[in-house]
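For reference, entry35.csv is printed below; it contains CSV, C-alpha atoms (C1' of nucleotides).
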chain,number,residue,atom,x,y,z
A,118,MET,CA,-0.2,-13.3,11.0
A,119,PHE,CA,0.0,-17.0,11.2
A,120,PHE,CA,3.3,-18.6,10.7
A,121,LEU,CA,3.2,-22.4,10.6
A,122,LYS,CA,4.5,-23.5,7.2
A,123,GLU,CA,3.2,-27.0,7.7
A,124,LEU,CA,-0.1,-27.3,9.5
A,125,PRO,CA,-0.3,-30.0,12.1
A,126,THR,CA,-1.6,-33.2,10.6
A,127,GLU,CA,-5.1,-34.3,11.4
A,128,GLN,CA,-3.6,-36.9,13.7
A,129,MET,CA,-1.6,-34.3,15.7
A,130,VAL,CA,-4.7,-32.2,16.2
A,131,LYS,CA,-6.6,-35.2,17.2
A,132,ASP,CA,-3.9,-36.1,19.8
A,133,TYR,CA,-3.8,-32.6,21.2
A,134,VAL,CA,-7.6,-32.5,21.4
A,135,ALA,CA,-7.6,-35.9,23.1
A,136,LYS,CA,-4.8,-34.7,25.5
A,137,THR,CA,-6.5,-31.5,26.4
A,138,GLY,CA,-10.1,-32.8,26.2
A,139,VAL,CA,-11.2,-29.6,24.5
A,140,GLY,CA,-12.7,-28.9,21.1
A,141,SER,CA,-13.4,-30.9,18.0
A,142,THR,CA,-10.7,-32.0,15.6
A,143,ASP,CA,-12.7,-30.8,12.6
A,144,THR,CA,-13.3,-27.3,13.9
A,145,ILE,CA,-9.7,-26.8,14.9
A,146,SER,CA,-8.4,-28.0,11.6
A,147,LYS,CA,-10.8,-25.8,9.7
A,148,ALA,CA,-9.7,-22.8,11.8
A,149,LEU,CA,-6.0,-23.4,11.3
A,150,LEU,CA,-6.6,-23.7,7.6
A,151,MET,CA,-8.5,-20.5,7.5
A,152,LEU,CA,-5.8,-18.7,9.5
A,153,ARG,CA,-3.2,-19.8,7.1
A,154,GLU,CA,-5.1,-19.0,4.0
A,155,ALA,CA,-5.8,-15.5,5.3
A,156,SER,CA,-2.2,-14.9,6.3
A,157,HIS,CA,-1.1,-15.9,2.9
A,158,LEU,CA,-3.6,-13.5,1.2
A,159,ILE,CA,-2.6,-10.7,3.6
A,160,ARG,CA,1.1,-11.2,2.7
A,161,LEU,CA,0.2,-10.9,-1.0
A,162,LEU,CA,-1.9,-7.8,-0.4
A,163,ASP,CA,0.8,-6.2,1.7
A,164,ALA,CA,3.3,-6.8,-1.1
A,165,TYR,CA,1.0,-5.4,-3.6
A,166,PHE,CA,0.3,-2.2,-1.6
A,167,SER,CA,4.0,-1.9,-0.8
A,168,SER,CA,4.8,-2.0,-4.5
A,169,HIS,CA,2.6,1.1,-4.8
A,170,ASP,CA,4.2,2.8,-1.8
A,171,LEU,CA,1.1,2.1,0.2
A,172,SER,CA,0.0,-0.2,3.1
A,173,GLN,CA,-3.2,-2.0,3.8
A,174,LEU,CA,-4.1,0.8,6.3
A,175,LYS,CA,-3.3,3.6,3.9
A,176,PHE,CA,-5.4,2.0,1.2
A,177,LEU,CA,-8.3,1.5,3.5
A,178,ILE,CA,-8.2,5.2,4.7
A,179,LEU,CA,-8.4,6.3,1.1
A,180,VAL,CA,-11.2,3.8,0.5
A,181,VAL,CA,-13.5,4.9,3.4
A,182,ILE,CA,-13.2,8.5,2.4
A,183,ASP,CA,-13.8,7.7,-1.2
A,184,ARG,CA,-16.8,5.5,-0.6
A,185,GLU,CA,-18.6,8.1,1.5
A,186,PRO,CA,-21.9,8.8,-0.3
A,187,GLU,CA,-22.8,12.4,0.4
A,188,ILE,CA,-19.6,14.2,1.4
A,189,ASP,CA,-16.0,14.0,0.2
A,190,SER,CA,-14.2,14.4,3.5
A,191,LEU,CA,-14.1,12.8,6.9
A,192,ARG,CA,-12.7,13.7,10.3
A,193,GLN,CA,-10.0,11.5,11.8
A,194,SER,CA,-12.5,10.4,14.4
A,195,GLU,CA,-15.0,9.4,11.7
A,196,ILE,CA,-12.4,7.4,10.0
A,197,ASN,CA,-11.7,5.8,13.3
A,198,GLN,CA,-15.3,4.7,13.6
A,199,ARG,CA,-15.0,2.9,10.3
A,200,LEU,CA,-11.6,1.3,10.7
A,201,ASP,CA,-10.5,-1.0,13.5
A,202,VAL,CA,-7.2,0.6,14.4
A,203,SER,CA,-5.9,2.7,17.3
A,204,LYS,CA,-6.0,6.5,17.3
A,205,PRO,CA,-2.3,7.0,17.4
A,206,VAL,CA,-1.7,4.7,14.5
A,207,LEU,CA,-4.4,6.3,12.5
A,208,ASN,CA,-3.0,9.7,13.3
A,209,ARG,CA,0.5,8.8,12.2
A,210,THR,CA,-0.7,7.1,9.0
A,211,ILE,CA,-2.9,10.1,8.0
A,212,ASN,CA,0.1,12.3,8.5
A,213,SER,CA,2.1,10.2,6.2
A,214,LEU,CA,-0.7,10.4,3.6
A,215,LEU,CA,-0.7,14.2,4.0
A,216,GLU,CA,3.0,14.3,3.5
A,217,THR,CA,2.8,12.3,0.3
A,218,LYS,CA,-0.1,14.5,-0.8
A,219,LEU,CA,-2.6,11.7,-1.2
A,220,LEU,CA,-4.8,13.5,1.4
A,221,LYS,CA,-5.4,17.1,2.1
A,222,ARG,CA,-6.5,18.8,5.3
A,223,LEU,CA,-9.4,21.2,5.5
A,224,ASP,CA,-10.6,23.2,8.5
A,225,ASP,CA,-13.6,22.0,10.3
A,226,GLU,CA,-16.2,24.7,10.5
A,227,GLU,CA,-18.0,23.3,13.5
A,228,ASP,CA,-15.1,22.2,15.7
A,229,ALA,CA,-11.8,24.1,16.1
A,230,ARG,CA,-10.1,20.9,17.4
A,231,ALA,CA,-10.8,18.9,14.3
A,232,HIS,CA,-9.9,18.9,10.6
A,233,ARG,CA,-11.6,17.4,7.6
A,234,LEU,CA,-9.6,15.0,5.5
A,235,ALA,CA,-10.2,14.7,1.8
A,236,LEU,CA,-8.6,12.9,-1.1
A,237,THR,CA,-6.4,15.0,-3.4
A,238,LYS,CA,-6.5,14.6,-7.1
A,239,LYS,CA,-3.4,12.5,-6.7
A,240,GLY,CA,-5.1,10.4,-4.1
A,241,LYS,CA,-8.1,9.8,-6.3
A,242,ASN,CA,-5.9,8.8,-9.2
A,243,THR,CA,-3.8,6.5,-7.0
A,244,LEU,CA,-6.9,4.7,-5.8
A,245,LYS,CA,-8.3,4.4,-9.3
A,246,GLN,CA,-5.0,3.0,-10.5
A,247,ILE,CA,-4.7,0.5,-7.7
A,248,MET,CA,-8.2,-0.9,-7.4
A,249,PRO,CA,-8.2,-3.2,-10.5
A,250,GLY,CA,-5.0,-5.0,-9.4
A,251,TYR,CA,-6.4,-5.3,-5.9
A,252,PHE,CA,-9.5,-7.1,-7.1
A,253,GLU,CA,-7.5,-9.2,-9.6
A,254,LEU,CA,-5.1,-10.3,-6.9
A,255,ILE,CA,-8.0,-11.4,-4.6
A,256,SER,CA,-9.7,-13.2,-7.5
A,257,ASN,CA,-6.6,-15.0,-8.6
A,258,PHE,CA,-5.8,-16.0,-5.0
A,259,MET,CA,-9.3,-17.4,-4.4
A,260,GLU,CA,-9.2,-19.4,-7.6
A,261,GLN,CA,-5.9,-21.0,-6.7
A,262,GLN,CA,-7.4,-22.2,-3.4
A,263,SER,CA,-10.2,-24.7,-3.5
B,130,MET,CA,-4.6,-7.6,10.0
B,131,PHE,CA,-7.8,-6.4,8.4
B,132,PHE,CA,-9.3,-3.2,9.6
B,133,LEU,CA,-12.7,-2.5,8.0
B,134,LYS,CA,-15.3,-2.5,10.7
B,135,GLU,CA,-18.2,-2.6,8.2
B,136,LEU,CA,-17.5,-4.7,5.1
B,137,PRO,CA,-18.5,-3.1,1.9
B,138,THR,CA,-22.1,-4.1,1.0
B,139,GLU,CA,-22.7,-6.6,-1.8
B,140,GLN,CA,-23.8,-3.6,-3.9
B,141,MET,CA,-20.6,-1.7,-3.3
B,142,VAL,CA,-18.4,-4.6,-4.3
B,143,LYS,CA,-20.6,-5.1,-7.3
B,144,ASP,CA,-20.1,-1.5,-8.3
B,145,TYR,CA,-16.3,-1.7,-7.8
B,146,VAL,CA,-16.2,-4.9,-9.8
B,147,ALA,CA,-18.2,-3.3,-12.6
B,148,LYS,CA,-16.1,-0.1,-12.5
B,149,THR,CA,-12.8,-2.0,-12.7
B,150,GLY,CA,-14.1,-4.9,-14.8
B,151,VAL,CA,-12.2,-7.4,-12.7
B,152,GLY,CA,-13.1,-10.3,-10.6
B,153,SER,CA,-16.5,-11.7,-9.5
B,154,THR,CA,-18.6,-10.2,-6.8
B,155,ASP,CA,-19.0,-13.5,-5.0
B,156,THR,CA,-15.4,-14.3,-4.8
B,157,ILE,CA,-14.4,-10.9,-3.6
B,158,SER,CA,-17.1,-10.8,-0.9
B,159,LYS,CA,-16.1,-14.3,0.2
B,160,ALA,CA,-12.4,-13.3,0.5
B,161,LEU,CA,-13.2,-10.1,2.4
B,162,LEU,CA,-15.4,-12.1,4.8
B,163,MET,CA,-12.6,-14.6,5.3
B,164,LEU,CA,-10.0,-11.9,5.9
B,165,ARG,CA,-12.2,-10.3,8.6
B,166,GLU,CA,-13.0,-13.6,10.3
B,167,ALA,CA,-9.3,-14.4,10.4
B,168,SER,CA,-8.3,-11.0,11.7
B,169,HIS,CA,-10.9,-11.3,14.5
B,170,LEU,CA,-9.6,-14.7,15.5
B,171,ILE,CA,-6.0,-13.5,15.4
B,172,ARG,CA,-6.9,-10.6,17.7
B,173,LEU,CA,-8.5,-13.0,20.2
B,174,LEU,CA,-5.5,-15.3,20.0
B,175,ASP,CA,-3.0,-12.5,20.5
B,176,ALA,CA,-5.0,-11.3,23.5
B,177,TYR,CA,-5.0,-14.8,24.9
B,178,PHE,CA,-1.2,-15.3,24.4
B,179,SER,CA,-0.5,-11.9,25.7
B,180,SER,CA,-2.4,-12.7,28.9
B,181,HIS,CA,0.1,-15.5,29.4
B,182,ASP,CA,3.1,-13.3,28.6
B,183,LEU,CA,3.5,-14.9,25.3
B,184,SER,CA,2.9,-14.0,21.6
B,185,GLN,CA,1.6,-16.0,18.7
B,186,LEU,CA,5.2,-16.5,17.5
B,187,LYS,CA,6.6,-17.5,20.9
B,188,PHE,CA,3.8,-20.0,21.3
B,189,LEU,CA,4.6,-21.5,17.9
B,190,ILE,CA,8.3,-21.8,18.6
B,191,LEU,CA,7.5,-23.8,21.7
B,192,VAL,CA,5.0,-25.9,19.7
B,193,VAL,CA,7.3,-26.8,16.8
B,194,ILE,CA,10.0,-27.9,19.3
B,195,ASP,CA,7.6,-29.8,21.4
B,196,ARG,CA,6.0,-31.6,18.5
B,197,GLU,CA,9.3,-32.9,17.1
B,198,PRO,CA,8.9,-36.7,17.1
B,199,GLU,CA,12.4,-38.1,17.7
B,200,ILE,CA,14.4,-35.3,19.2
B,201,ASP,CA,13.7,-32.7,21.9
B,202,SER,CA,15.7,-29.8,20.5
B,203,LEU,CA,16.0,-27.8,17.2
B,204,ARG,CA,18.4,-25.4,15.7
B,205,GLN,CA,17.3,-21.8,15.0
B,206,SER,CA,17.6,-22.6,11.3
B,207,GLU,CA,15.4,-25.7,11.7
B,208,ILE,CA,12.8,-23.7,13.5
B,209,ASN,CA,13.0,-21.3,10.6
B,210,GLN,CA,12.2,-24.1,8.1
B,211,ARG,CA,9.0,-24.7,10.0
B,212,LEU,CA,7.8,-21.2,10.7
B,213,ASP,CA,7.2,-18.5,8.1
B,214,VAL,CA,9.1,-15.6,9.8
B,215,SER,CA,12.3,-13.7,9.1
B,216,LYS,CA,15.7,-14.8,10.6
B,217,PRO,CA,16.2,-11.7,12.7
B,218,VAL,CA,12.7,-11.8,14.2
B,219,LEU,CA,13.1,-15.4,15.0
B,220,ASN,CA,16.5,-14.7,16.6
B,221,ARG,CA,15.1,-11.9,18.7
B,222,THR,CA,12.1,-13.9,19.9
B,223,ILE,CA,14.2,-16.9,20.8
B,224,ASN,CA,16.5,-14.7,22.8
B,225,SER,CA,13.4,-13.5,24.7
B,226,LEU,CA,12.3,-17.0,25.4
B,227,LEU,CA,15.8,-17.8,26.6
B,228,GLU,CA,15.7,-14.8,29.0
B,229,THR,CA,12.4,-15.9,30.4
B,230,LYS,CA,13.7,-19.4,30.8
B,231,LEU,CA,11.1,-21.1,28.6
B,232,LEU,CA,13.9,-22.3,26.3
B,233,LYS,CA,17.4,-23.4,27.0
B,234,ARG,CA,20.4,-23.4,24.7
B,235,LEU,CA,22.6,-26.4,24.2
B,236,ASP,CA,25.8,-26.7,22.2
B,237,ASP,CA,25.6,-28.3,18.8
B,238,GLU,CA,28.1,-31.1,18.6
B,239,GLU,CA,28.3,-31.0,14.8
B,240,ASP,CA,28.5,-27.3,14.1
B,241,ALA,CA,30.3,-24.7,16.1
B,242,ARG,CA,28.2,-21.9,14.7
B,243,ALA,CA,24.9,-23.4,15.8
B,244,HIS,CA,23.1,-24.1,19.0
B,245,ARG,CA,20.3,-26.5,19.9
B,246,LEU,CA,17.2,-25.0,21.5
B,247,ALA,CA,15.1,-27.1,23.9
B,248,LEU,CA,12.1,-26.6,26.1
B,249,THR,CA,12.9,-26.1,29.8
B,250,LYS,CA,10.7,-27.7,32.4
B,251,LYS,CA,9.1,-24.3,32.7
B,252,GLY,CA,8.6,-24.2,29.0
B,253,LYS,CA,6.9,-27.6,28.9
B,254,ASN,CA,4.6,-26.6,31.8
B,255,THR,CA,3.7,-23.3,30.2
B,256,LEU,CA,2.8,-25.1,27.0
B,257,LYS,CA,0.7,-27.7,28.8
B,258,GLN,CA,-1.1,-25.0,30.7
B,259,ILE,CA,-1.9,-22.9,27.7
B,260,MET,CA,-3.0,-25.5,25.2
B,261,PRO,CA,-6.5,-26.3,26.5
B,262,GLY,CA,-7.4,-22.6,26.5
B,263,TYR,CA,-6.0,-22.2,23.0
B,264,PHE,CA,-8.2,-25.0,21.6
B,265,GLU,CA,-11.2,-23.8,23.6
B,266,LEU,CA,-10.8,-20.3,22.3
B,267,ILE,CA,-10.7,-21.5,18.7
B,268,SER,CA,-13.7,-23.9,19.2
B,269,ASN,CA,-15.8,-21.2,20.8
B,270,PHE,CA,-14.9,-18.7,18.0
B,271,MET,CA,-15.8,-21.1,15.2
B,272,GLU,CA,-19.1,-21.9,16.9
B,273,GLN,CA,-20.1,-18.3,17.1
B,274,GLN,CA,-19.5,-17.8,13.4
B,275,SER,CA,-21.6,-19.9,11.0
C,276,DT,C1',45.0,-28.1,0.3
C,277,DC,C1',43.1,-23.7,-0.5
C,278,DC,C1',40.0,-20.4,-1.5
C,279,DA,C1',35.2,-19.2,-3.2
C,280,DT,C1',30.7,-20.1,-1.8
C,281,DT,C1',27.2,-21.4,1.3
C,282,DT,C1',25.1,-21.6,5.8
C,283,DA,C1',24.1,-20.2,10.8
C,284,DG,C1',23.5,-16.6,13.4
C,285,DT,C1',23.6,-11.7,14.6
C,286,DT,C1',23.3,-6.4,14.3
C,287,DA,C1',21.4,-2.2,12.7
C,288,DT,C1',17.6,0.1,11.0
C,289,DC,C1',13.0,0.7,9.6
C,290,DA,C1',7.6,0.0,9.3
C,291,DT,C1',3.6,-0.5,11.5
C,292,DG,C1',0.7,-2.3,15.3
C,293,DA,C1',-0.5,-1.1,20.6
C,294,DT,C1',-1.4,1.5,25.3
C,295,DA,C1',-0.9,5.4,28.5
C,296,DA,C1',-1.0,9.9,29.2
C,297,DC,C1',-1.5,14.4,27.8
C,298,DC,C1',-3.6,19.2,25.8
C,299,DA,C1',-7.3,22.0,24.2
C,300,DA,C1',-11.9,22.7,22.6
C,301,DA,C1',-16.7,21.4,23.2
C,302,DT,C1',-20.5,20.2,26.1
C,303,DG,C1',-23.8,20.0,29.7
C,304,DG,C1',-25.7,20.0,34.3
C,305,DA,C1',-25.7,22.6,39.0
D,137,DT,C1',-22.3,31.1,34.1
D,138,DC,C1',-18.9,27.9,35.6
D,139,DC,C1',-16.6,23.9,36.2
D,140,DA,C1',-16.5,18.8,35.5
D,141,DT,C1',-16.7,15.7,31.9
D,142,DT,C1',-16.3,14.3,27.2
D,143,DT,C1',-14.3,14.4,22.8
D,144,DG,C1',-10.7,15.2,19.0
D,145,DG,C1',-6.2,14.9,18.3
D,146,DT,C1',-1.3,14.2,19.6
D,147,DT,C1',3.1,12.6,21.9
D,148,DA,C1',6.0,9.2,24.1
D,149,DT,C1',7.1,4.6,24.4
D,150,DC,C1',6.9,-0.2,23.5
D,151,DA,C1',6.1,-4.8,20.7
D,152,DT,C1',6.8,-7.2,16.8
D,153,DG,C1',7.0,-7.6,11.8
D,154,DA,C1',10.7,-6.7,7.7
D,155,DT,C1',15.3,-6.2,4.8
D,156,DA,C1',20.2,-5.3,4.3
D,157,DA,C1',24.5,-6.2,5.6
D,158,DC,C1',27.7,-8.3,8.5
D,159,DT,C1',30.9,-12.3,11.0
D,160,DA,C1',32.5,-16.8,11.5
D,161,DA,C1',32.3,-21.7,10.6
D,162,DA,C1',31.5,-25.3,7.2
D,163,DT,C1',31.7,-27.1,2.6
D,164,DG,C1',33.3,-28.3,-1.8
D,165,DG,C1',35.5,-28.0,-6.3
D,166,DA,C1',40.1,-26.8,-8.8
Conversion result in structure tokens:
Amino acid sequence: MFFLKELPTEQMVKDYVAKTGVGSTDTISKALLMLREASHLIRLLDAYFSSHDLSQLKFLILVVIDREPEIDSLRQSEINQRLDVSKPVLNRTINSLLETKLLKRLDDEEDARAHRLALTKKGKNTLKQIMPGYFELISNFMEQQS
Amino acid sequence: MFFLKELPTEQMVKDYVAKTGVGSTDTISKALLMLREASHLIRLLDAYFSSHDLSQLKFLILVVIDREPEIDSLRQSEINQRLDVSKPVLNRTINSLLETKLLKRLDDEEDARAHRLALTKKGKNTLKQIMPGYFELISNFMEQQS
DNA sequence: TCCATTTAGTTATCATGATAACCAAATGGA
DNA sequence: TCCATTTGGTTATCATGATAACTAAATGGA
């Protein structure tokens, strides 16, 4: 998350770059702009997910299971290969999705330590219901920029 | 923070857009790319700050006080006008900066409820020491993209 | 002037990210 | 086959974001 409400002016960046002797003003300004734009979008997305009792991470867990081409379930470790988040956080978040019945847990035939995680009907419905608003939010946001 | 390790392929976005009837494939893909690029940069920045016993927010608090043109101190509420973060988080983080002696607290002559927050010598030194690496990190990152 | 409202800061509590350290099952080389 | 290592998952603890609700001082209109 990036927090500066007012980005440093071109002049300030130029001064800092001159003072430290590092980088180019253009590159730095572009990066700061990008950070702020992304933070803004992330805030909007978080608010959107939260209004549906979800979070960014919960949404993505549902998505990666849903988008799997051949099978309809994944192990925790397989989800972890697809999402850049720590094991304990993933574990906790999956438990929360199990509690709210968006996911269900199946035994893993091949490994007694593991379970397979699949979307419930409720999970599929939730995803279907949320997706349009998600795309719409992103589209609207990108339009307003530029 | 954005977590997808592999972005959805162009085709997948196209399918989702077609299924939901919302947005344009290009715009969505561009937004997802931007989110991932920003998340990556934020991770690098967090790691950098953390290696100097700081955080993104702590750094920015020091910066907004330091970049003030006429005065060398700000109230908590004035910092809050410049940074997009909640009051309690700002309060907690300022306390941490006071404990580590990067900030000092002065009385506010005009308002008995408020205090003025100024950089200590240690705070100024830390900032001066960190700034070059900060710009360098951003420059390097932006070069690697593109 | 006096009291209702606003403002500055703080506390309590929760959500969601991380790392370290652990158990138990699976694996694989001597 | 047996034990060391790897792998899947979990627990404990911490960092850092949020909101709600509070105190005390400042402010401003009747």
(message) Env of DA154 (chain D): 10 Å cut, atoms = only C-alpha atoms (C1' of nucleotides), seq-sep filter 4 positions within chain, self excluded. Answer as a PyMOL selection string.
(response) (chain B and resi 214-218) or (chain C and resi 289-290)
(request) Identify, on the basis of only C-alpha atoms (C1' of nucleotides), every residue whose closest approach to Arg165 (chain B) does not exceed 8 Å; exclude the query and any residue fewer than 3 positions from it along the same chain; express the result as a PyMOL selection string. (result) chain B and resi 131-133+161-162+168-169
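Atom to atom, CA of Leu152 (chain A) and CA of Asn197 (chain A) stand 25.5 Å apart.
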Which residues are near region 182-195 of chain A? Cut-off 7 Å, only C-alpha atoms (C1' of nucleotides), ignore same chain within fewer than 4 positions. Put them as a PDB file with C-alpha atoms (C1' of nucleotides), keeping the file's coordinate frame.
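And here is the file that came out, result_28.pdb:
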ATOM      1  CA  ILE A 178      -8.200   5.200   4.700  1.00  0.00           C
ATOM      2  CA  ARG A 199     -15.000   2.900  10.300  1.00  0.00           C
ATOM      3  CA  ALA A 231     -10.800  18.900  14.300  1.00  0.00           C
ATOM      4  CA  HIS A 232      -9.900  18.900  10.600  1.00  0.00           C
ATOM      5  CA  ARG A 233     -11.600  17.400   7.600  1.00  0.00           C
ATOM      6  CA  LEU A 234      -9.600  15.000   5.500  1.00  0.00           C
ATOM      7  CA  ALA A 235     -10.200  14.700   1.800  1.00  0.00           C
TER       8      ALA A 235
ATOM      9  C1'  DG D 144     -10.700  15.200  19.000  1.00  0.00           C
TER      10       DG D 144
END
Moved chain A, fitted on chain B by every C-alpha in sequence order, as a short mmCIF file (atom, residue, chain, number, x, y, z; two decimals) with C-alpha atoms, in the coordinates of the input:
data_model
loop_
_atom_site.label_atom_id
_atom_site.label_comp_id
_atom_site.auth_asym_id
_atom_site.auth_seq_id
_atom_site.Cartn_x
_atom_site.Cartn_y
_atom_site.Cartn_z
CA MET A 118 -4.63 -7.60 9.87
CA PHE A 119 -7.75 -6.43 8.24
CA PHE A 120 -9.38 -3.38 9.56
CA LEU A 121 -12.73 -2.58 7.97
CA LYS A 122 -15.36 -2.64 10.71
CA GLU A 123 -18.16 -2.69 8.19
CA LEU A 124 -17.55 -4.71 5.07
CA PRO A 125 -18.61 -3.10 1.85
CA THR A 126 -22.14 -4.09 0.97
CA GLU A 127 -22.71 -6.52 -1.83
CA GLN A 128 -23.83 -3.59 -3.94
CA MET A 129 -20.58 -1.63 -3.36
CA VAL A 130 -18.52 -4.63 -4.37
CA LYS A 131 -20.64 -5.11 -7.35
CA ASP A 132 -20.13 -1.43 -8.37
CA TYR A 133 -16.39 -1.60 -7.88
CA VAL A 134 -16.22 -4.84 -9.87
CA ALA A 135 -18.34 -3.27 -12.61
CA LYS A 136 -16.10 -0.11 -12.52
CA THR A 137 -12.88 -1.98 -12.68
CA GLY A 138 -14.12 -4.88 -14.86
CA VAL A 139 -12.18 -7.35 -12.75
CA GLY A 140 -13.25 -10.29 -10.62
CA SER A 141 -16.52 -11.73 -9.48
CA THR A 142 -18.65 -10.15 -6.80
CA ASP A 143 -19.10 -13.47 -5.01
CA THR A 144 -15.41 -14.29 -4.79
CA ILE A 145 -14.47 -10.86 -3.55
CA SER A 146 -17.14 -10.85 -0.92
CA LYS A 147 -16.17 -14.29 0.27
CA ALA A 148 -12.52 -13.17 0.50
CA LEU A 149 -13.28 -10.02 2.46
CA LEU A 150 -15.37 -12.06 4.83
CA MET A 151 -12.64 -14.54 5.33
CA LEU A 152 -10.08 -11.78 5.93
CA ARG A 153 -12.22 -10.28 8.56
CA GLU A 154 -13.05 -13.46 10.31
CA ALA A 155 -9.37 -14.37 10.47
CA SER A 156 -8.35 -10.96 11.75
CA HIS A 157 -10.89 -11.22 14.44
CA LEU A 158 -9.65 -14.71 15.52
CA ILE A 159 -6.03 -13.50 15.39
CA ARG A 160 -6.89 -10.55 17.69
CA LEU A 161 -8.46 -12.99 20.17
CA LEU A 162 -5.47 -15.32 20.01
CA ASP A 163 -3.04 -12.47 20.44
CA ALA A 164 -4.94 -11.35 23.54
CA TYR A 165 -4.96 -14.77 24.89
CA PHE A 166 -1.19 -15.31 24.40
CA SER A 167 -0.52 -11.82 25.75
CA SER A 168 -2.43 -12.69 28.90
CA HIS A 169 0.11 -15.49 29.37
CA ASP A 170 3.07 -13.23 28.62
CA LEU A 171 3.44 -14.90 25.27
CA SER A 172 2.87 -14.04 21.55
CA GLN A 173 1.64 -16.08 18.67
CA LEU A 174 5.31 -16.48 17.53
CA LYS A 175 6.56 -17.50 20.94
CA PHE A 176 3.83 -20.09 21.25
CA LEU A 177 4.52 -21.50 17.87
CA ILE A 178 8.33 -21.81 18.59
CA LEU A 179 7.51 -23.80 21.68
CA VAL A 180 5.03 -25.88 19.68
CA VAL A 181 7.42 -26.90 16.82
CA ILE A 182 10.05 -27.95 19.27
CA ASP A 183 7.58 -29.82 21.35
CA ARG A 184 5.95 -31.63 18.47
CA GLU A 185 9.25 -32.94 17.11
CA PRO A 186 8.96 -36.75 17.13
CA GLU A 187 12.43 -38.12 17.70
CA ILE A 188 14.50 -35.35 19.29
CA ASP A 189 13.75 -32.69 21.90
CA SER A 190 15.73 -29.80 20.46
CA LEU A 191 16.01 -27.86 17.26
CA ARG A 192 18.48 -25.41 15.76
CA GLN A 193 17.31 -21.88 15.02
CA SER A 194 17.63 -22.66 11.35
CA GLU A 195 15.42 -25.75 11.73
CA ILE A 196 12.85 -23.73 13.44
CA ASN A 197 13.09 -21.31 10.61
CA GLN A 198 12.27 -24.04 8.13
CA ARG A 199 9.08 -24.75 10.01
CA LEU A 200 7.89 -21.23 10.70
CA ASP A 201 7.27 -18.51 8.14
CA VAL A 202 9.12 -15.65 9.78
CA SER A 203 12.38 -13.79 9.13
CA LYS A 204 15.69 -14.81 10.70
CA PRO A 205 16.18 -11.68 12.67
CA VAL A 206 12.75 -11.83 14.18
CA LEU A 207 13.15 -15.43 15.04
CA ASN A 208 16.50 -14.71 16.58
CA ARG A 209 15.19 -11.92 18.76
CA THR A 210 12.13 -13.91 19.86
CA ILE A 211 14.24 -16.99 20.81
CA ASN A 212 16.41 -14.71 22.86
CA SER A 213 13.45 -13.45 24.69
CA LEU A 214 12.33 -17.04 25.36
CA LEU A 215 15.84 -17.81 26.68
CA GLU A 216 15.69 -14.83 28.93
CA THR A 217 12.37 -15.89 30.40
CA LYS A 218 13.73 -19.42 30.73
CA LEU A 219 11.09 -21.08 28.60
CA LEU A 220 13.93 -22.32 26.32
CA LYS A 221 17.41 -23.42 27.03
CA ARG A 222 20.46 -23.42 24.79
CA LEU A 223 22.64 -26.45 24.23
CA ASP A 224 25.86 -26.70 22.22
CA ASP A 225 25.69 -28.24 18.86
CA GLU A 226 28.13 -31.07 18.58
CA GLU A 227 28.39 -31.01 14.82
CA ASP A 228 28.53 -27.27 14.12
CA ALA A 229 30.39 -24.70 16.26
CA ARG A 230 28.25 -21.88 14.75
CA ALA A 231 24.98 -23.32 15.90
CA HIS A 232 23.15 -24.13 19.14
CA ARG A 233 20.37 -26.52 19.93
CA LEU A 234 17.25 -25.10 21.48
CA ALA A 235 15.16 -27.13 23.86
CA LEU A 236 12.17 -26.54 26.07
CA THR A 237 12.87 -26.14 29.80
CA LYS A 238 10.69 -27.71 32.38
CA LYS A 239 9.07 -24.33 32.71
CA GLY A 240 8.52 -24.17 29.00
CA LYS A 241 6.91 -27.58 28.93
CA ASN A 242 4.61 -26.66 31.78
CA THR A 243 3.70 -23.33 30.17
CA LEU A 244 2.72 -25.06 26.96
CA LYS A 245 0.73 -27.71 28.79
CA GLN A 246 -1.07 -25.01 30.73
CA ILE A 247 -1.86 -22.93 27.69
CA MET A 248 -2.94 -25.50 25.14
CA PRO A 249 -6.47 -26.27 26.50
CA GLY A 250 -7.49 -22.57 26.48
CA TYR A 251 -6.03 -22.21 23.01
CA PHE A 252 -8.19 -24.98 21.61
CA GLU A 253 -11.25 -23.79 23.60
CA LEU A 254 -10.86 -20.28 22.27
CA ILE A 255 -10.69 -21.54 18.63
CA SER A 256 -13.70 -23.82 19.21
CA ASN A 257 -15.80 -21.16 20.81
CA PHE A 258 -14.89 -18.67 18.05
CA MET A 259 -15.82 -21.11 15.27
CA GLU A 260 -19.14 -21.90 16.88
CA GLN A 261 -20.08 -18.25 17.15
CA GLN A 262 -19.49 -17.85 13.40
CA SER A 263 -21.73 -19.71 11.02
#
(message) Around (-19.2, -7.1, -7.4), as given in the file, which residues come within 12 Å? Count all atoms listed in the file and list them as a ChimeraX atom specification.
(response) /A:252,256 /B:137-159,161
Counting all atoms listed in the file, which residues in chain C sit no more than 10 Å from chain B? For each one, give the nearest pair of atoms and the distance in Å, sorted by chain then residue number, as CSV.
residue,atom,partner,partner_atom,distance
C:DT282,C1',B:Ser206,CA,9.4
C:DA283,C1',B:Arg242,CA,5.9
C:DG284,C1',B:Arg242,CA,7.2
C:DT285,C1',B:Pro217,CA,7.6
C:DT286,C1',B:Pro217,CA,9.0
C:DG292,C1',B:Met130,CA,9.2
(request) Could you jot down the CA of Leu212 (chain B) to CA of Lys122 (chain A) separation for me, Å, one decimal place? (result)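 Separation of CA of Leu212 (chain B) and CA of Lys122 (chain A): 5.3 Å.
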